[in-house]
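**Q** Quick one: this structure, given as structure tokens, is what I'll be asking you about.
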Amino acid sequence: MASYAIECNNLTHYYGKKMVYENLNFRVEDGSILGLLGKNGAGKTTTINILNGFLQPRSGECLIYGENSQHLSPSNKARIGFLIEGHIQYTFMNIHQIEKFYSRVYRRWNPEPYWELMSKLQVTPRQKISTMSCGQRSQVALGLILAQDPDLLILDDFSMGLDPGYRRLFIDYLREYAKAQKKTIFTTSHIIQDMERLIDDVLIMDYNCVLAQQNVNEFMRSFKQFYLEVEDPSIDLKKEDFVVNVEKVHNKVEIYTYESEAFVKKFLEKNGIQHRAFQQVAMGLEDAFIGLTGKY
Amino acid sequence: MWKAMIYKEWLKIRWFTLLYTLLGMLAVGYLFLKVQHDTTFNQANNYWNLILFKGLKFFSLLKFIPLAGGLLVAVAQYFPETVNKRIKLTFHLPFNENKVLLSMMVFGSCCLLVVYLILIALFSGIAAFYFPSNIILPALVSLIPWFLAGFSAYYLVALIVLEPVWKYRFLYLLVAATFIPLFFKNGPTAAYQPVNITLAVLTILLSISLLFSGYRFRKGEM
């Protein structure tokens, strides 16, 4: 039987009268890497804050290793590595001071991955973290989380402010570590190409609802984009049951659906929709995300 | 927990605390330079007469020194926690959240206490060269509310800085602006003696007020 690091049940939250989501349910299996994707304001950071006990949901609950996230015991908190959006750390410390501090906090502290990452940085031993670049600070934050040796890593927008080199370093290091050590990761990021390299499962949220929650490879296999040029640009396909989303510019149409090519062709034929240049378009995760959620 | 928390808190406030201690000692030194000057030019017996019978407070230079210390240490200690909501890191440490806040408060209070004791010891030591005990003891009694004001300011700044909502910060600021002047009412030397215990109890009660701001932050108030 699968065991879950995170279980959120019937989670509902409002900011004043504005609903963020209602009855949100999701689970993160032990040892998996789940990416939470959503547009700005869809509730990603709200979810992270609820998971870390920094926000009380209107109703519902999130359990982390079976404990309500609003009342996590110290021993459970020690099992969770938390990366705050923007790689926030105690910037009044230098890399030696911060390692010394956390080594006194966590019993399972293993400084090796931290110093391995620090050796890649061009910083002086006494340089305060506040004077480091965003990329360097991200490596400090990642190194500290890895040295903490947590069972679950919660990463809030880990790619924020990082250049491509640092993002790649962060992802490759993190994935290798997580897979080798059988760690669970729950992460958000604005840069979806990064997620593609990292995650096993995807949870895509839109305003007030979950659009998809499944293995990322299965999702990419089942979710499809078809391109066609219709003769009559006034044709509206949005209301068809099989259509998840349609993007249309003049007579050029992109259909996003979970149905097969044969099904779509049959539908077009059956409804007498004249078209040309029909083709299935290969998508990356970012294309699929935009296809699913729309371009605003 | 204590070892780690003391280390972190000390890194935040060490330079401010050391600088404040040095400035406080200089203030005490300057105070007695002035006493030296006044006793030399007024003659010691006249000067004593002014202190004993005319209500001269030779130590009034120290009036706001403890308050400044409380404000400085509190800002140095709690402000870095609120930049980018860094307090989330502190609450995520594998300790009980209230115990973490209390450990920060106890550490800050102890640092202030040590500095205040140094200043009081210096004051008493130098005063002993110039005055008899029946001048020094009432002076020390008069200093007590000023030092309690320092502690109260420290606790109120913690409450204000950790509060997540600006509206409430402003409200707490008004409370602080009303409460702190209670420690600085004018009066003859040692006039606060009957209320020093009450003020001390109020200050101790105030010490745990930062738990309320911490609770509000954890519930997601914004």
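Letters for chains follow the order of the structure tokens (A, B, ...), residue numbers begin at 1 for each chain, and ligand numbers begin at 1 in the order shown.
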Leaving out Gln127 of chain A and any residue of its chain fewer than 4 positions from it, which residues lie within 12 Å of it when counting only C-alpha atoms, given as a tab-separated table (two decimals) with N, CA and C atoms, in the first residue's frame?

**A**
```
chain	number	residue	atom	x	y	z
A	91	THR	N	20.54	36.16	6.42
A	91	THR	CA	21.60	36.81	5.64
A	91	THR	C	22.60	37.58	6.50
A	92	PHE	N	22.34	37.68	7.80
A	92	PHE	CA	23.32	38.34	8.67
A	92	PHE	C	24.45	37.38	9.05
A	93	MET	N	24.35	36.14	8.59
A	93	MET	CA	25.41	35.16	8.88
A	93	MET	C	26.27	34.96	7.64
A	94	ASN	N	27.48	34.43	7.84
A	94	ASN	CA	28.27	33.99	6.69
A	94	ASN	C	28.11	32.47	6.56
A	95	ILE	N	28.75	31.88	5.57
A	95	ILE	CA	28.47	30.46	5.29
A	95	ILE	C	28.95	29.53	6.42
A	96	HIS	N	29.96	29.96	7.17
A	96	HIS	CA	30.42	29.14	8.30
A	96	HIS	C	29.47	29.27	9.48
A	97	GLN	N	29.06	30.51	9.74
A	97	GLN	CA	28.16	30.74	10.88
A	97	GLN	C	26.82	30.03	10.68
A	98	ILE	N	26.30	30.09	9.48
A	98	ILE	CA	24.97	29.49	9.25
A	98	ILE	C	25.06	27.96	9.34
A	121	LEU	N	31.12	27.84	-5.06
A	121	LEU	CA	30.84	29.28	-5.03
A	121	LEU	C	32.12	30.08	-4.88
A	122	GLN	N	32.15	31.21	-5.53
A	122	GLN	CA	33.31	32.10	-5.40
A	122	GLN	C	33.03	33.10	-4.28
A	123	VAL	N	33.00	32.60	-3.05
A	123	VAL	CA	32.76	33.51	-1.93
A	123	VAL	C	33.88	33.36	-0.91
A	131	THR	N	25.52	39.76	1.12
A	131	THR	CA	26.30	40.37	0.04
A	131	THR	C	26.47	39.42	-1.15
A	132	MET	N	25.85	38.26	-1.08
A	132	MET	CA	26.00	37.29	-2.18
A	132	MET	C	24.95	37.55	-3.26
A	133	SER	N	25.22	37.02	-4.45
A	133	SER	CA	24.24	37.14	-5.53
A	133	SER	C	23.08	36.18	-5.26
A	136	GLN	N	24.12	32.61	-5.77
A	136	GLN	CA	24.93	32.08	-4.67
A	136	GLN	C	24.06	31.78	-3.45
A	137	ARG	N	23.11	32.68	-3.19
A	137	ARG	CA	22.22	32.45	-2.03
A	137	ARG	C	21.38	31.19	-2.23
```

**Q** What residues in chain B lie within 6 Å of chain A, counting only C-alpha atoms, written as an mmCIF file with N, CA and C atoms, in the first residue's frame?

**A**
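Below you can see selection.cif, which holds the result:
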```cif
data_model
loop_
_atom_site.group_PDB
_atom_site.id
_atom_site.type_symbol
_atom_site.label_atom_id
_atom_site.label_comp_id
_atom_site.auth_asym_id
_atom_site.auth_seq_id
_atom_site.Cartn_x
_atom_site.Cartn_y
_atom_site.Cartn_z
ATOM 1 N N ALA B 4 21.783 26.743 20.075
ATOM 2 C CA ALA B 4 21.616 27.240 18.709
ATOM 3 C C ALA B 4 20.973 28.627 18.711
ATOM 4 N N PRO B 94 12.995 22.928 14.265
ATOM 5 C CA PRO B 94 12.293 21.816 14.931
ATOM 6 C C PRO B 94 12.141 22.017 16.442
ATOM 7 N N PHE B 95 11.555 23.137 16.788
ATOM 8 C CA PHE B 95 11.269 23.457 18.189
ATOM 9 C C PHE B 95 9.823 23.962 18.256
ATOM 10 N N ARG B 218 1.521 33.133 12.537
ATOM 11 C CA ARG B 218 1.388 31.713 12.174
ATOM 12 C C ARG B 218 -0.006 31.384 11.656
ATOM 13 N N LYS B 219 -0.977 32.186 12.026
ATOM 14 C CA LYS B 219 -2.340 31.939 11.536
ATOM 15 C C LYS B 219 -2.560 32.584 10.178
ATOM 16 N N GLY B 220 -1.552 33.266 9.669
ATOM 17 C CA GLY B 220 -1.631 33.830 8.325
ATOM 18 C C GLY B 220 -2.289 35.186 8.258
#
```

**Q** What lies within 10 Å of Ile144 of chain B using only C-alpha atoms, ignoring chain neighbours under 3 positions off, as an MDAnalysis selection string?

**A** chainID B and resid 66 120 139:141 147:150 183 190 192:193 196:197 199:200

**Q** Tell me, in Å to one decimal, how far atom CA of Gly38 of chain A is from atom CA of Ala178 of chain A.

**A**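 Separation of atom CA of Gly38 of chain A and atom CA of Ala178 of chain A: 23.3 Å.
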
**Q** Pick from B:Glu9, B:Asp38, B:Glu163, B:Glu81: nearest to Gly108 of chain B, with only C-alpha atoms counted?

**A**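 Smallest distance to Gly108 of chain B is found for B:Glu9.
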
**Q** Just the number, please: distance in Å from atom CA of Glu29 of chain A to atom CA of Arg197 of chain A, one decimal.

**A**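 Taking atom CA of Glu29 of chain A and atom CA of Arg197 of chain A, their separation equals 18.7 Å.
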